[in-house]
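*Asks:* One structure coming up, written as structure tokens, with questions to follow.
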Amino acid sequence: MSQDTLVKRQFGHRARLALSPACELKADAQAHAARTMWNLLHAWWQMMPKEMRTLANADAAIRQAREDIDFLAVLPAQAAQAVLKTYFQAWKNCLEHRADAPNFKGRPRTVMSVDIPQGRDLNITRVHRHWGMVNIPKVGRVRFRWTKDLPVGEHSNNENRITGARLVKDSLGWHIAFRVQTLEVEPDPHQGPDVGIDVGVTVPIALSDGETYEHGAWLTGKEKARLLCLEQRAAQRKRHRKPGERTSRRLHHTYGQIAGLRAKAKRRALDWQHQTTTAIAKQYGTVVVEALTITNMVKSAKGTVEEPGKNVAQKSGLNRSISGEAWGRTVAMLTYKTVQLGGTLHKVPAPHTSQRCSACGFITPGSRESQAVFVCKNPHCGWSGNADHNAARNILHLYRMGHALVPAAGRAVVRRAKRVKPAAARQAGISRPQPGEHFNRRR
């Protein structure tokens, strides 16, 4: 095998930690110290003149802070340097218009995490079929759940190794996410067929070839009843709390139980998404999806006091359903999985994909009779079928007609605003197509 067929890849592997109460307190202290370090850096950044905001000055500032503030000493020096690099990378992303400007991190809304940038500090060993041991700086040797083979010991070298890790705490406890660098064979181009994918709420994933992927409720009936009981209990305890009074330990415990059930539902949803996207990436060579702006789709319908919105309760329920399906996460999984298997993923414009007839290409009002039924009202067509499959076929057709969005400078190309014709069309006097016209017409 020649070296030209090999390529370096990086991926992450997350495992559950089995921390003792003492080690958990140490990990919590490090996470709070890392969040405080970020806030101190942000305050320093706002205070310093623009010409003084350099990496060397910031490094000197955090070193002085670790000497002056006692509880920051629980954070390892390498983790403090990782906070510094992450903060400067956040500003770089902001200046390059890839993200918003960094801000202070509040305790209730911030995910507790600690970075371990040096992979050699971990000293990972496998001690059992299901368990391994890892060294966490200033915490000690900790067991973690061994669910995937890692390049450790004799299997570790310059090409296949663990470059670092990150401790993350959620409602189910502490986890460790390993950063793994490995040398893999460059996959051959996927020879599978093309497929269009339509995502929805009632039918989560519908394919253009007629196949669908559905799931049930993420929580069982007993778990739903338990969650409702906990939410009612939390609301009752919160109602009897006096204004300005601190949250009681009982209410904190109830909030923790609620978060645990919701985290369990999210974990099951992630498992279903991983299995589904892996099956699609293995079967199809080209995957086509809609370029959806999900943040705009889940905006509230409350309106203002002067102009209140309509059907606010129905829109709120729809927003929760859209957020629960996590369409963006599904597309993100498909993106990297298709690349790993030699396939490609493309995005096409979303407007009218559910209103066009995939057989004749006409947009006729009233063709979508219900959520699941599409009957073309074109008198010369009359095609009928499943509405989700019809939309998926339209998505695939848009890609084959060359309407895929081409990335430019790392961002998607912005589509022309409505009612604005291209310069060539304005000069030729060509008008925009109206509803009911064939959408394949050459311009």
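In the structure tokens, chains take the letters A, B, ... in the order shown, each chain's residues start at 1, and ligands count up from 1 in the order shown.
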Report as CSV: every residue of segment 108-186 of chain A with an atom at most 10 Å from segment 321-345 of chain A, its closest pair of atoms, and their distance in Å to one decimal, counting only C-alpha atoms, with rows sorted by chain and ascending residue number.
*Replies:*
```
residue,atom,partner,partner_atom,distance
A:Glu184,CA,A:Gln340,CA,9.6
A:Val185,CA,A:Gln340,CA,9.8
A:Glu186,CA,A:Gly342,CA,8.1
```
*Asks:* List every residue of segment 83-255 of chain A that DSSP, applied to the backbone of this structure, assigns to helix (DSSP H, G or I), and report them as a PyMOL selection string.
*Replies:* chain A and resi 83-95+119-121+153-155+221-239+249-255
*Asks:* So that I can check the surroundings of Ala291 of chain A, please list as a list of chain:residue names every protein, DNA and RNA residue that reaches within 9 Å of it, counting only C-alpha atoms and ignoring chain neighbours fewer than 3 positions away.
*Replies:* A:His346, A:Lys347, A:Val348, A:Pro349, A:Ala350, A:Leu405
*Asks:* Measure the distance from atom CA of Leu396 of chain A to atom CA of Val287 of chain A in Å and round it to one decimal.
*Replies:*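 If I compute the distance from atom CA of Leu396 of chain A to atom CA of Val287 of chain A, I get 8.4 Å.
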*Asks:* If you measure from atom CA of Asn57 of chain A to atom CA of Asp115 of chain A, what distance in Å do you get, rounded to one decimal?
*Replies:*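 Atom CA of Asp115 of chain A lies 21.7 Å from atom CA of Asn57 of chain A.
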